[in-house]
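Before any comments, here is the structure.
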There are 2 protein chains.
Amino acid sequence: MLEPAQFFKCLADETRLYATLLIHQQDELCVCELMEALDDSQPKISRHLAQLRSCGVLSDTRRGQWVFYSMAKTLPEWALEILRTTQDANLDRLKIFQEKLTAMKNRPQCC
Amino acid sequence: MLEPAQFFKCLADETRLYATLLIHQQDELCVCELMEALDDSQPKISRHLAQLRSCGVLSDTRRGQWVFYSMAKTLPEWALEILRTTQDANLDRLKIFQEKLTAMKNRPQCC
DNA sequence: GCTATATATATTGATATTCGAATATCCGCA
DNA sequence: TGCGGATATTCGAATATCAATATATATAGC
């Protein structure tokens with residue numbers, strides 16, 4: 001069971017927060033897409049994603065050479081509601097990340 | 001301006017989270033009431049309240065020997081919405097804290 | 001098997017967080 | 001002015017977190 005304080009801890013870091021919001025918005029993203037959108041190093045992104053997965057916020061699935069992250073199916077409704085609220089309050093910042101995503105070359109195709 | 005990641009950091013600790021939710025629910029509470037409700041030491045409560053105040057989540061006002069904490073007027077609407085959502089998802093736990101509050105002897109009167 | 005790409009993990013050092021204990025401050029009242 | 005209750009702050013130790021670097025694993029294509 002996801003404790004609210006632990007969930008907030010997951011969102012208390014900018015990298016984890018915006019990775020989560022982007023994944024929530026885009027349904028699923030792989031590590032290299034998040035590297036591009038958030039302009040961060042691969043180990044940094046990967047480590048934070050692993051943390052989000054182990055807390056039950058995200059789940060991952062490998063397709064070919066890519067590992068795609070999406071929201072965990074077990075995430076309770078209140079947590080999703082908090083993500084929606086945070087998203088709505090930060091549309092400006094999210095738009096910048098989205099633009100970097102769409103401008104990305106060689107984006108892995110969802111197969 | 002309150003950054004969402006910083007707000008979540010404030011709520012990432014059980015003491016700070018439930019102190020905030022209780023204050024949000026009860027309008028205002030003093031340190032000794034929170035000590036009773038959360039069953040924690042005075043320095044611990046006081047330290048976390050100071051942190052919440054310096055982040056712009058709470059504000060304090062002294063009345064006589066007591067210092068009452070309430071939600072900061074500057075707290076943005078999205079933050080309040082997140083508190084409401086968290087509250088609704090944790091009514092059971094909150095009820096226990098409230099009962100300790102109402103059972104408290106020598107509770108300072110709001111003057 | 002070899003190589004390139006994508007991702008994960010381990011290690012290290014710096015920094016942050018948390019707590020309890022002790023102490024300080026502030027207020028009301030005698 | 002002095003005392004007691006309420007609250008705040010400081011200090012040190014234990015622990016957690018973080019970023020950067022290096023290394024390991026997995027997969028695809030040849």
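Residue numbering restarts at 1 for every chain of the structure tokens, chains are lettered A, B, ... in their displayed order, and ligands are numbered from 1 as they appear.
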With 12 Å as the cut-off and only C-alpha atoms (C1' of nucleotides) counted, what is the closest atom pair between each nearby residue of chain A and chain C? Distances in Å to one decimal, ordered by chain and number, as JSON lines.
{"residue": "A:Cys30", "atom": "CA", "partner": "C:DA6", "partner_atom": "C1'", "distance": 9.7}
{"residue": "A:Val31", "atom": "CA", "partner": "C:DT7", "partner_atom": "C1'", "distance": 7.6}
{"residue": "A:Cys32", "atom": "CA", "partner": "C:DA6", "partner_atom": "C1'", "distance": 7.8}
{"residue": "A:Glu33", "atom": "CA", "partner": "C:DA6", "partner_atom": "C1'", "distance": 11.3}
{"residue": "A:Met35", "atom": "CA", "partner": "C:DT7", "partner_atom": "C1'", "distance": 11.8}
{"residue": "A:Ser41", "atom": "CA", "partner": "C:DT7", "partner_atom": "C1'", "distance": 11.9}
{"residue": "A:Gln42", "atom": "CA", "partner": "C:DT7", "partner_atom": "C1'", "distance": 8.1}
{"residue": "A:Pro43", "atom": "CA", "partner": "C:DA8", "partner_atom": "C1'", "distance": 8.0}
{"residue": "A:Lys44", "atom": "CA", "partner": "C:DA8", "partner_atom": "C1'", "distance": 10.9}
{"residue": "A:Ile45", "atom": "CA", "partner": "C:DT7", "partner_atom": "C1'", "distance": 10.2}
{"residue": "A:Ser46", "atom": "CA", "partner": "C:DA8", "partner_atom": "C1'", "distance": 7.2}
{"residue": "A:Arg47", "atom": "CA", "partner": "C:DA8", "partner_atom": "C1'", "distance": 8.2}
{"residue": "A:His48", "atom": "CA", "partner": "C:DA8", "partner_atom": "C1'", "distance": 11.5}
{"residue": "A:Leu49", "atom": "CA", "partner": "C:DA8", "partner_atom": "C1'", "distance": 10.7}
{"residue": "A:Ala50", "atom": "CA", "partner": "C:DA8", "partner_atom": "C1'", "distance": 9.0}
{"residue": "A:Asp60", "atom": "CA", "partner": "C:DT7", "partner_atom": "C1'", "distance": 11.8}
{"residue": "A:Thr61", "atom": "CA", "partner": "C:DT7", "partner_atom": "C1'", "distance": 11.9}
{"residue": "A:Arg62", "atom": "CA", "partner": "C:DT7", "partner_atom": "C1'", "distance": 10.0}
{"residue": "A:Arg63", "atom": "CA", "partner": "C:DA6", "partner_atom": "C1'", "distance": 11.0}
{"residue": "A:Gly64", "atom": "CA", "partner": "C:DA6", "partner_atom": "C1'", "distance": 9.5}
{"residue": "A:Gln65", "atom": "CA", "partner": "C:DA6", "partner_atom": "C1'", "distance": 5.7}
{"residue": "A:Trp66", "atom": "CA", "partner": "C:DA6", "partner_atom": "C1'", "distance": 6.1}
{"residue": "A:Val67", "atom": "CA", "partner": "C:DT7", "partner_atom": "C1'", "distance": 7.3}
{"residue": "A:Phe68", "atom": "CA", "partner": "C:DT7", "partner_atom": "C1'", "distance": 10.5}
{"residue": "A:Pro108", "atom": "CA", "partner": "C:DA6", "partner_atom": "C1'", "distance": 10.9}
Export N, CA and C atoms of the chosen residues as a compact mmCIF listing (two decimals), in the first residue's frame?
# COMPACT_ATOMS: atom_id res chain seq x y z
N CYS A 30 10.53 6.07 -23.01
CA CYS A 30 11.72 5.29 -22.69
C CYS A 30 12.79 6.22 -22.11
N VAL A 31 13.84 5.63 -21.62
CA VAL A 31 14.89 6.39 -20.93
C VAL A 31 15.48 7.46 -21.84
N CYS A 32 15.75 7.09 -23.09
CA CYS A 32 16.42 8.07 -23.96
C CYS A 32 15.51 9.25 -24.28
N GLU A 33 14.19 9.02 -24.32
CA GLU A 33 13.28 10.14 -24.54
C GLU A 33 13.29 11.08 -23.34
N MET A 35 15.78 11.45 -21.23
CA MET A 35 17.07 12.14 -21.25
C MET A 35 16.98 13.39 -22.11
N SER A 41 21.56 13.34 -17.66
CA SER A 41 22.40 12.20 -18.00
C SER A 41 21.64 10.89 -17.88
N GLN A 42 22.14 9.88 -18.59
CA GLN A 42 21.47 8.59 -18.59
C GLN A 42 21.45 7.94 -17.19
N PRO A 43 22.57 7.87 -16.49
CA PRO A 43 22.52 7.24 -15.16
C PRO A 43 21.58 7.97 -14.21
N LYS A 44 21.56 9.28 -14.31
CA LYS A 44 20.68 10.05 -13.42
C LYS A 44 19.21 9.71 -13.68
N ILE A 45 18.83 9.77 -14.94
CA ILE A 45 17.45 9.42 -15.29
C ILE A 45 17.12 8.00 -14.86
N SER A 46 18.01 7.08 -15.19
CA SER A 46 17.75 5.67 -14.91
C SER A 46 17.60 5.41 -13.42
N ARG A 47 18.45 6.04 -12.65
CA ARG A 47 18.39 5.81 -11.20
C ARG A 47 17.08 6.31 -10.62
N HIS A 48 16.64 7.50 -11.06
CA HIS A 48 15.39 8.05 -10.53
C HIS A 48 14.20 7.22 -10.99
N LEU A 49 14.26 6.70 -12.21
CA LEU A 49 13.17 5.85 -12.69
C LEU A 49 13.11 4.57 -11.87
N ALA A 50 14.28 4.01 -11.56
CA ALA A 50 14.31 2.79 -10.75
C ALA A 50 13.68 3.05 -9.39
N ASP A 60 7.83 -0.85 -15.72
CA ASP A 60 8.64 -0.81 -16.92
C ASP A 60 8.45 -2.08 -17.74
N THR A 61 8.67 -1.93 -19.04
CA THR A 61 8.60 -3.09 -19.92
C THR A 61 9.60 -2.90 -21.05
N ARG A 62 10.32 -3.95 -21.34
CA ARG A 62 11.33 -3.85 -22.40
C ARG A 62 10.72 -4.23 -23.74
N ARG A 63 10.99 -3.42 -24.74
CA ARG A 63 10.61 -3.75 -26.12
C ARG A 63 11.82 -3.53 -26.99
N GLY A 64 12.45 -4.65 -27.40
CA GLY A 64 13.70 -4.54 -28.14
C GLY A 64 14.77 -3.98 -27.25
N GLN A 65 15.49 -3.01 -27.75
CA GLN A 65 16.58 -2.45 -26.94
C GLN A 65 16.11 -1.38 -25.98
N TRP A 66 14.83 -1.01 -26.10
CA TRP A 66 14.35 0.07 -25.24
C TRP A 66 13.53 -0.43 -24.05
N VAL A 67 13.63 0.29 -22.98
CA VAL A 67 12.80 0.01 -21.81
C VAL A 67 11.81 1.16 -21.66
N PHE A 68 10.55 0.84 -21.74
CA PHE A 68 9.52 1.88 -21.66
C PHE A 68 8.92 1.91 -20.26
N PRO A 108 12.48 6.47 -30.77
CA PRO A 108 12.10 5.06 -30.93
C PRO A 108 10.62 4.93 -31.21
Near-stretch 83-98 of chain A list (10 Å; only C-alpha atoms (C1' of nucleotides); drop same-chain fewer than 3 positions) as a count of residues only: 33
Determine which residues of chain D sit within 8 Å of chain A, taking into account only C-alpha atoms (C1' of nucleotides), and present them as a VMD selection string. chain D and resid 19 26 to 28
Output the selection as a PDB file, in the first residue's frame - N, CA and C atoms (P, O5', C5', C4', C3', O3' and C1' of nucleotides) for each residue.
ATOM      1  P    DA D  19      20.612  14.407  -8.445  1.00  0.00           P
ATOM      2  O5'  DA D  19      22.171  14.509  -8.764  1.00  0.00           O
ATOM      3  C5'  DA D  19      22.935  15.527  -8.145  1.00  0.00           C
ATOM      4  C4'  DA D  19      24.368  15.457  -8.614  1.00  0.00           C
ATOM      5  C3'  DA D  19      24.533  15.123 -10.093  1.00  0.00           C
ATOM      6  O3'  DA D  19      25.580  15.900 -10.638  1.00  0.00           O
ATOM      7  C1'  DA D  19      25.547  13.424  -8.767  1.00  0.00           C
ATOM      8  P    DA D  26      21.848  -9.799 -18.538  1.00  0.00           P
ATOM      9  O5'  DA D  26      21.021  -9.168 -19.727  1.00  0.00           O
ATOM     10  C5'  DA D  26      20.137  -8.083 -19.475  1.00  0.00           C
ATOM     11  C4'  DA D  26      19.771  -7.425 -20.785  1.00  0.00           C
ATOM     12  C3'  DA D  26      19.525  -8.426 -21.921  1.00  0.00           C
ATOM     13  O3'  DA D  26      18.271  -8.127 -22.501  1.00  0.00           O
ATOM     14  C1'  DA D  26      21.016  -6.726 -22.615  1.00  0.00           C
ATOM     15  P    DT D  27      17.553  -9.235 -23.430  1.00  0.00           P
ATOM     16  O5'  DT D  27      17.550  -8.537 -24.863  1.00  0.00           O
ATOM     17  C5'  DT D  27      17.168  -7.179 -24.959  1.00  0.00           C
ATOM     18  C4'  DT D  27      17.723  -6.586 -26.229  1.00  0.00           C
ATOM     19  C3'  DT D  27      17.558  -7.457 -27.472  1.00  0.00           C
ATOM     20  O3'  DT D  27      16.751  -6.759 -28.398  1.00  0.00           O
ATOM     21  C1'  DT D  27      19.704  -6.484 -27.363  1.00  0.00           C
ATOM     22  P    DA D  28      16.161  -7.513 -29.675  1.00  0.00           P
ATOM     23  O5'  DA D  28      16.951  -6.797 -30.851  1.00  0.00           O
ATOM     24  C5'  DA D  28      17.055  -5.378 -30.841  1.00  0.00           C
ATOM     25  C4'  DA D  28      17.969  -4.927 -31.949  1.00  0.00           C
ATOM     26  C3'  DA D  28      17.841  -5.738 -33.236  1.00  0.00           C
ATOM     27  O3'  DA D  28      17.825  -4.858 -34.347  1.00  0.00           O
ATOM     28  C1'  DA D  28      20.086  -5.810 -32.467  1.00  0.00           C
TER      29       DA D  28
END
Check: which chain A residues lie within 6 Å of chain B using only C-alpha atoms, as a ChimeraX atom specification: /A:5,8-9,12-14,82
Using the chain letters and numbers from this document, which residues of stretch 19-104 of chain A does DSSP assign to strand (DSSP E or B), as a ChimeraX atom specification? /A:28-30,58-63,66-71
Could you save those same residues with C-alpha atoms as a short mmCIF file (atom, residue, chain, number, x, y, z; two decimals), in the first residue's frame?
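Written file, out_8.cif:
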data_model
loop_
_atom_site.label_atom_id
_atom_site.label_comp_id
_atom_site.auth_asym_id
_atom_site.auth_seq_id
_atom_site.Cartn_x
_atom_site.Cartn_y
_atom_site.Cartn_z
CA GLU A 28 4.82 5.80 -21.86
CA LEU A 29 8.34 6.98 -22.51
CA CYS A 30 11.72 5.29 -22.69
CA LEU A 58 5.97 3.43 -12.38
CA SER A 59 6.29 0.10 -14.11
CA ASP A 60 8.64 -0.81 -16.92
CA THR A 61 8.60 -3.09 -19.92
CA ARG A 62 11.33 -3.85 -22.40
CA ARG A 63 10.61 -3.75 -26.12
CA TRP A 66 14.35 0.07 -25.24
CA VAL A 67 12.80 0.01 -21.81
CA PHE A 68 9.52 1.88 -21.66
CA TYR A 69 8.15 3.31 -18.43
CA SER A 70 4.47 3.87 -17.73
CA MET A 71 2.30 4.54 -14.70
#
If you run DSSP on the backbone, which residues of chain A are helix (DSSP H, G or I), as JSON, numbers by chain? {"A": [4, 5, 6, 7, 8, 9, 10, 14, 15, 16, 17, 18, 19, 20, 21, 22, 23, 24, 25, 26, 31, 32, 33, 34, 35, 36, 37, 38, 42, 43, 44, 45, 46, 47, 48, 49, 50, 51, 52, 53, 54, 77, 78, 79, 80, 81, 82, 83, 84, 85, 86, 87, 88, 91, 92, 93, 94, 95, 96, 97, 98, 99, 100, 101, 102]}
